[in-house]
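Novice: Have a look at this one before I ask anything.
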2 protein chains.
Amino acid sequence: MSEEIVLYHGNGGEGTKELINEILKNFDNDILRKLNDSAILNLKDKLAFTTDSYVISPQFFNGGDIGKLSVYGTVNDLAVCGAKPLFLSLSFIIEEGFLFSDFKKILQSIKEASDECDIKIVTGDTKVVEKGKGDKIFINTSGIGIIENENRDLSKRKIEKGDLVIINGGIGEHGISIMLERLGIKVDEKIKSDLAPLDKLILPLLDKFKGVKFLRDPTRGGVATVLNEIANKFNYEIEIWEEELPIKNWVKEASNILGIDPLYAANEGKVIIIASKNEGEDILKFIKQNRLAVDSKIIGELKNDGNKVYLKTEIGTRRIVDTLKRDILPRIC
Amino acid sequence: MSEEIVLYHGNGGEGTKELINEILKNFDNDILRKLNDSAILNLKDKLAFTTDSYVISPQFFNGGDIGKLSVYGTVNDLAVCGAKPLFLSLSFIIEEGFLFSDFKKILQSIKEASDECDIKIVTGDTKVVEKGKGDKIFINTSGIGIIENENRDLSKRKIEKGDLVIINGGIGEHGISIMLERLGIKVDEKIKSDLAPLDKLILPLLDKFKGVKFLRDPTRGGVATVLNEIANKFNYEIEIWEEELPIKNWVKEASNILGIDPLYAANEGKVIIIASKNEGEDILKFIKQNRLAVDSKIIGELKNDGNKVYLKTEIGTRRIVDTLKRDILPRIC
């Protein structure tokens with residue numbers, strides 16, 4: 001264990017795991033232990049409860065801004081738990097000197113995003129810190145959602161060998177586009193974050209298919225990190241197929257230049273679906289009708305017992321896709 | 001409206017009001033509009049939902065630390081709404097270089113505080129930002145509590161002329177002690193924050209007395225700010241009596257040196273109780289049995305229609321106690 005917390009602890013990989021383990025040591029309980037994106041609260045209604053702080057830099061980027069991100073990000077964390085988003089808290093930590101005009105733009109974005117997702121902002125907080133003690137604006141949102149019926153309660157579905165791995169479109173677009181912007185590289189219009197709310201994609205999917213077994217949004221740490229979490233959680237080896245991975249050309253090209261594997265780059269409008277072998281193709285067909293999933297692909301399957309993720313390359317070899325052990329550019333969420 | 005957000009916007013007074021109004025313009029809804037410390041969610045069970053970001057500097061101070069503050073602060077926001085604290089989210093924004101040993105101390109504090117309040121931490125998040133883009137550690141907690149019975153539902157109680165203003169002890173201890181520490185003034189043991197959880201004081205009080213009509217914890221902006229909020233919310237003139245204000249000698253002395261009125265200094269273990277004239281004395285007697293309320297006092301009353309707060313001085317004159325219009329030292333919550 002290092003003495004100082006460094007950026008490596010924020011990258012979504014081993015460092016973050018170390019930080020989270022340190023936290024879990026203190027607060028172990030049956031709800032938190034599940035490490036789902038939302039806490040499921042068993043009151044009379046089954047509620048989901050989730051929190052996220054958004055520290056992205058730049059605050060305005062191609063495809064969105066920190067305001068939209070702070071709503072969609074939390075909406076997505078609720079949706080992947082089968083919860084319809086209902087209530088949102090909104091807390092700002094603003095650095096002295098931040099422009100009111102930018103603050104208003106962010107508020108406008110939050111308004112549009114929360115209206116779109118039909119989630120009510122019901123409580124909030126504002127703090128202002130001295131110049132040099134923050135970075136323009138940080139936003140925390142916590143969300144409460146309701147799991148409206150049994151079909152949406154994913155906890156009762158069982159993962160099996162042969163289950164398929166589906167993703168609803170291009171990999172790594174948020175992370176790679178933000179990195180380009182952070183490096184000051186001028187990007188054209190098509191190079192942008194995939195930021196989007198997934199509730200209207202996910203909830204009807206759960207209603208229709210019993211074969212949807214597990215969902216997670218591959219944000220910080222990317223697809224590789226989420227697949228490793230799934231492999232570990234359920235004790236299956238996961239194999240993904242390079243030739244099936246939906247990766248846009250600009251992501252491939254930029255990844256090469258940056259030296260970053262898009263599998264580790266953040267997504268903000270993507271969901272990994274673990275689906276039964278039987279229903280996989282039907283699920284694919286169904287989600288492709290949604291504009292947020294036209295490029296959906298079956299990208300892999302759960303193989304034997306184990307806890308590793310393998311990539312089967314286009315030339316037929318297999319290599320381990322491990323969790324992050326080194327640093328990538330931070331502040332992309 | 002100024003162009004830049006400056007520290008003045010974080011002081012709990014007019015500047016903060018300006019900031020909040022800007023936010024409310026965007027998100028007006030019937031729950032948020034109430035501007036209670038917690039949002040009340042009308043599901044089958046009546047829930048309260050609240051959020052706060054804690055940016056206090058120094059992170060460790062006489063009487064507590066940012067960890068305890070981030071639990072007790074949110075517990076208190078739930079309790080003043082009549083809600084028993086149930087679930088807490090916990091989100092960290094950590095500056096690169098923060099010592100792991102300090103992080104562990106804070107986690108230990110959070111553990112002790114959450115155990116003490118019997119509140120479960122059920123979801124969380126960690127972000128790490130580059131050195132110079134934060135201030136060691138910021139913590140956001142959001143809390144969910146349950147309003148267990150009709151007696152604890154304050155929304156049904158009616159404020160009247162003649163109602164009394166009660167506080168459970170010494171005013172301004174958190175704010176003044178933090179300010180002394182921030183200025184590097186060595187303080188002895190008795191000079192410390194009043195930081196404490198108020199749920200076990202407040203909830204039994206609501207069960208026992210119908211005459212408890214409104215509760216609020218006077219944190220940022222202090223007693224003066226909360227009383228002005230109450231005067232505005234219910235349209236009554238409030239008069240407080242200088243000779244009845246419980247203010248410890250060290251607070252008086254330090255306030256004089258700092259040039260800060262303790263009525264505007266933050267409290268973290270105090271609650272303002274608006275109580276019926278009939279039950280006021282019984283309420284006082286009841287709460288004084290609790291170690292967090294031994295110095296309780298009736299400090300004023302609701303007079304005529306109006307929306308101003310007046311201080312009746314020891315020499316018999318009356319002066320307006322206005323909302324904050326200037327800056328005081330920041331980062332005390």
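A note on labels: chains of the structure tokens are A, B, ... as shown, every chain counts residues from 1, and ligands are counted from 1 in their shown order.
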Excluding region 85-87 of chain A and residues on its chain fewer than 4 positions from it, collect all residues at most 6 Å away from it, counting only C-alpha atoms, and give them as a list of chain:residue names.
Specialist: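 Near region 85-87 of chain A, the qualifying residues are A:Val75, A:Ile119, A:Lys120, A:Ile121, A:Gly143, A:Ile144, A:Gly145.
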Novice: Quick one: residues within 7 Å of Glu239 (chain A), only C-alpha atoms, excluding same-chain residues fewer than 2 positions away - as an mmCIF file with N, CA, C and O atoms, in the first residue's frame?
Specialist:
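So the final result, stored in part12.cif, reads:
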```
data_model
loop_
_atom_site.group_PDB
_atom_site.id
_atom_site.type_symbol
_atom_site.label_atom_id
_atom_site.label_comp_id
_atom_site.auth_asym_id
_atom_site.auth_seq_id
_atom_site.Cartn_x
_atom_site.Cartn_y
_atom_site.Cartn_z
ATOM 1 N N GLU A 237 -14.801 -17.761 -16.927
ATOM 2 C CA GLU A 237 -13.857 -17.211 -17.890
ATOM 3 C C GLU A 237 -14.683 -16.553 -18.989
ATOM 4 O O GLU A 237 -15.677 -17.112 -19.439
ATOM 5 N N TRP A 241 -14.256 -11.520 -28.722
ATOM 6 C CA TRP A 241 -13.760 -11.773 -30.077
ATOM 7 C C TRP A 241 -13.399 -10.455 -30.755
ATOM 8 O O TRP A 241 -14.281 -9.635 -31.044
ATOM 9 N N GLY A 300 -18.826 -11.680 -27.313
ATOM 10 C CA GLY A 300 -18.104 -12.740 -26.622
ATOM 11 C C GLY A 300 -19.052 -13.670 -25.887
ATOM 12 O O GLY A 300 -20.278 -13.560 -26.018
ATOM 13 N N GLU A 301 -18.452 -14.565 -25.099
ATOM 14 C CA GLU A 301 -19.286 -15.502 -24.340
ATOM 15 C C GLU A 301 -18.611 -15.915 -23.040
ATOM 16 O O GLU A 301 -17.400 -15.747 -22.867
ATOM 17 N N LEU A 302 -19.412 -16.448 -22.112
ATOM 18 C CA LEU A 302 -18.886 -16.999 -20.878
ATOM 19 C C LEU A 302 -18.492 -18.441 -21.145
ATOM 20 O O LEU A 302 -19.323 -19.242 -21.580
ATOM 21 N N LYS A 303 -17.219 -18.749 -20.889
ATOM 22 C CA LYS A 303 -16.737 -20.100 -21.192
ATOM 23 C C LYS A 303 -16.694 -20.906 -19.898
ATOM 24 O O LYS A 303 -17.687 -20.999 -19.183
ATOM 25 N N VAL A 309 -10.370 -12.747 -18.281
ATOM 26 C CA VAL A 309 -10.973 -12.330 -19.549
ATOM 27 C C VAL A 309 -9.927 -12.521 -20.645
ATOM 28 O O VAL A 309 -8.771 -12.117 -20.485
ATOM 29 N N TYR A 310 -10.321 -13.166 -21.730
ATOM 30 C CA TYR A 310 -9.412 -13.392 -22.852
ATOM 31 C C TYR A 310 -9.935 -12.697 -24.101
ATOM 32 O O TYR A 310 -11.146 -12.616 -24.318
ATOM 33 N N LEU A 311 -9.001 -12.212 -24.896
ATOM 34 C CA LEU A 311 -9.352 -11.665 -26.208
ATOM 35 C C LEU A 311 -8.887 -12.658 -27.263
ATOM 36 O O LEU A 311 -7.704 -13.012 -27.331
ATOM 37 N N LYS A 312 -9.800 -13.148 -28.097
ATOM 38 C CA LYS A 312 -9.420 -13.984 -29.242
ATOM 39 C C LYS A 312 -9.182 -13.025 -30.401
ATOM 40 O O LYS A 312 -10.094 -12.324 -30.838
#
```
Novice: Give me every strand (DSSP E) residue in region 241-311 of chain B, going by DSSP on the backbone, as an MDAnalysis selection string.
Specialist: chainID B and resid 241 272:275 297:305 309:311
Novice: Hey, what's within 6 Å of region 200-215 of chain B if we count only C-alpha atoms and toss same-chain stuff fewer than 3 positions away? As a PDB file with C-alpha atoms, in the first residue's frame, please?
Specialist:
```pdb
ATOM      1  CA  VAL B  80     -34.676  17.861  11.579  1.00  0.00           C
ATOM      2  CA  ASN B 151     -46.046  12.326  14.976  1.00  0.00           C
ATOM      3  CA  ARG B 152     -42.776  12.856  13.194  1.00  0.00           C
ATOM      4  CA  ARG B 157     -47.928  21.269  12.369  1.00  0.00           C
ATOM      5  CA  ILE B 272     -33.354  25.525  16.457  1.00  0.00           C
ATOM      6  CA  ILE B 273     -36.747  24.399  17.750  1.00  0.00           C
ATOM      7  CA  ILE B 274     -39.901  26.401  17.138  1.00  0.00           C
ATOM      8  CA  ALA B 275     -42.200  25.342  19.993  1.00  0.00           C
ATOM      9  CA  SER B 276     -45.686  26.228  21.143  1.00  0.00           C
ATOM     10  CA  GLU B 279     -45.280  23.358  25.814  1.00  0.00           C
TER      11      GLU B 279
END
```
Novice: So which one's closest to Phe60 (chain A), A:Val187, A:Ala266, A:Ile106, A:Val294? Using only C-alpha atoms, please.
Specialist: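 Selected residue with least distance to Phe60 (chain A): A:Ile106.
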Novice: Of the residues A:Glu116, A:Glu95, A:Glu150, A:Asp65, which is the one nearest to chain B, using only C-alpha atoms?
Specialist: A:Glu95
Novice: Which polymer residues have any atom within 7 Å of an atom of region 158-175 of chain B, counting only C-alpha atoms, with same-chain residues fewer than 3 positions away left out, as a PyMOL selection string?
Specialist: chain B and resi 178-179+192-195+213+222+246-248+251+262-263+265-268+270-277+280+293-304+332
Novice: Residues near Ile93 (chain B), anyone? I mean within 10 Å using only C-alpha atoms, not counting same-chain ones fewer than 4 positions away, as an MDAnalysis selection string.
Specialist: (chainID A and resid 10 53:55 134 138 140) or (chainID B and resid 55 125:129 134:140)
Novice: Now that the selection is made, can you save its residues with N, CA and C atoms as a PDB file, in the first residue's frame?
Specialist:
```
ATOM      1  N   GLY A  10      -7.191   6.559  -9.088  1.00  0.00           N
ATOM      2  CA  GLY A  10      -8.463   7.006  -9.642  1.00  0.00           C
ATOM      3  C   GLY A  10      -8.761   6.434 -11.007  1.00  0.00           C
ATOM      4  N   SER A  53     -19.572  11.204  -8.052  1.00  0.00           N
ATOM      5  CA  SER A  53     -19.033  12.559  -8.188  1.00  0.00           C
ATOM      6  C   SER A  53     -18.409  12.678  -9.571  1.00  0.00           C
ATOM      7  N   TYR A  54     -18.669  13.802 -10.220  1.00  0.00           N
ATOM      8  CA  TYR A  54     -18.177  14.029 -11.572  1.00  0.00           C
ATOM      9  C   TYR A  54     -17.145  15.139 -11.527  1.00  0.00           C
ATOM     10  N   VAL A  55     -15.923  14.806 -11.990  1.00  0.00           N
ATOM     11  CA  VAL A  55     -14.800  15.744 -11.881  1.00  0.00           C
ATOM     12  C   VAL A  55     -14.156  15.963 -13.251  1.00  0.00           C
ATOM     13  N   GLY A 134      -9.856  23.740  -6.181  1.00  0.00           N
ATOM     14  CA  GLY A 134     -10.806  22.918  -6.912  1.00  0.00           C
ATOM     15  C   GLY A 134     -10.438  22.980  -8.383  1.00  0.00           C
ATOM     16  N   PHE A 138     -17.045  20.704  -9.618  1.00  0.00           N
ATOM     17  CA  PHE A 138     -17.273  19.281  -9.413  1.00  0.00           C
ATOM     18  C   PHE A 138     -18.765  19.127  -9.104  1.00  0.00           C
ATOM     19  N   ASN A 140     -21.702  16.314  -7.632  1.00  0.00           N
ATOM     20  CA  ASN A 140     -22.132  15.005  -7.149  1.00  0.00           C
ATOM     21  C   ASN A 140     -23.634  14.885  -7.361  1.00  0.00           C
TER      22      ASN A 140
ATOM     23  N   VAL B  55     -16.408  20.316   2.555  1.00  0.00           N
ATOM     24  CA  VAL B  55     -15.140  20.804   1.996  1.00  0.00           C
ATOM     25  C   VAL B  55     -14.303  21.480   3.080  1.00  0.00           C
ATOM     26  N   ASP B 125     -18.513   6.174  -4.069  1.00  0.00           N
ATOM     27  CA  ASP B 125     -17.741   6.504  -5.261  1.00  0.00           C
ATOM     28  C   ASP B 125     -16.432   7.133  -4.815  1.00  0.00           C
ATOM     29  N   THR B 126     -15.388   6.926  -5.609  1.00  0.00           N
ATOM     30  CA  THR B 126     -14.116   7.608  -5.336  1.00  0.00           C
ATOM     31  C   THR B 126     -13.607   8.230  -6.623  1.00  0.00           C
ATOM     32  N   LYS B 127     -13.145   9.448  -6.513  1.00  0.00           N
ATOM     33  CA  LYS B 127     -12.461  10.087  -7.634  1.00  0.00           C
ATOM     34  C   LYS B 127     -11.161  10.677  -7.089  1.00  0.00           C
ATOM     35  N   VAL B 128     -10.142  10.681  -7.925  1.00  0.00           N
ATOM     36  CA  VAL B 128      -8.883  11.319  -7.549  1.00  0.00           C
ATOM     37  C   VAL B 128      -8.584  12.395  -8.580  1.00  0.00           C
ATOM     38  N   VAL B 129      -8.262  13.587  -8.108  1.00  0.00           N
ATOM     39  CA  VAL B 129      -7.936  14.687  -9.030  1.00  0.00           C
ATOM     40  C   VAL B 129      -6.458  15.079  -8.855  1.00  0.00           C
ATOM     41  N   GLY B 134      -7.713  20.224  -6.091  1.00  0.00           N
ATOM     42  CA  GLY B 134      -8.630  19.912  -4.998  1.00  0.00           C
ATOM     43  C   GLY B 134      -8.015  20.444  -3.715  1.00  0.00           C
ATOM     44  N   ASP B 135      -8.543  20.034  -2.563  1.00  0.00           N
ATOM     45  CA  ASP B 135      -7.906  20.414  -1.311  1.00  0.00           C
ATOM     46  C   ASP B 135      -7.914  19.224  -0.365  1.00  0.00           C
ATOM     47  N   LYS B 136      -6.962  18.334  -0.594  1.00  0.00           N
ATOM     48  CA  LYS B 136      -6.811  17.112   0.206  1.00  0.00           C
ATOM     49  C   LYS B 136      -8.002  16.181   0.004  1.00  0.00           C
ATOM     50  N   ILE B 137      -9.144  16.499   0.611  1.00  0.00           N
ATOM     51  CA  ILE B 137     -10.282  15.593   0.439  1.00  0.00           C
ATOM     52  C   ILE B 137     -11.592  16.356   0.587  1.00  0.00           C
ATOM     53  N   PHE B 138     -12.492  16.096  -0.338  1.00  0.00           N
ATOM     54  CA  PHE B 138     -13.874  16.559  -0.235  1.00  0.00           C
ATOM     55  C   PHE B 138     -14.739  15.306  -0.087  1.00  0.00           C
ATOM     56  N   ILE B 139     -15.790  15.399   0.700  1.00  0.00           N
ATOM     57  CA  ILE B 139     -16.686  14.248   0.879  1.00  0.00           C
ATOM     58  C   ILE B 139     -18.119  14.677   0.608  1.00  0.00           C
ATOM     59  N   ASN B 140     -18.819  13.903  -0.208  1.00  0.00           N
ATOM     60  CA  ASN B 140     -20.265  14.094  -0.327  1.00  0.00           C
ATOM     61  C   ASN B 140     -20.961  12.908   0.310  1.00  0.00           C
TER      62      ASN B 140
END
```
Novice: Using only C-alpha atoms, find the one residue out of B:Ala79, B:Cys333, B:Ala224, B:Ala196 that sits nearest to chain A.
Specialist: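 That would be B:Cys333, the residue with the smallest distance to chain A.
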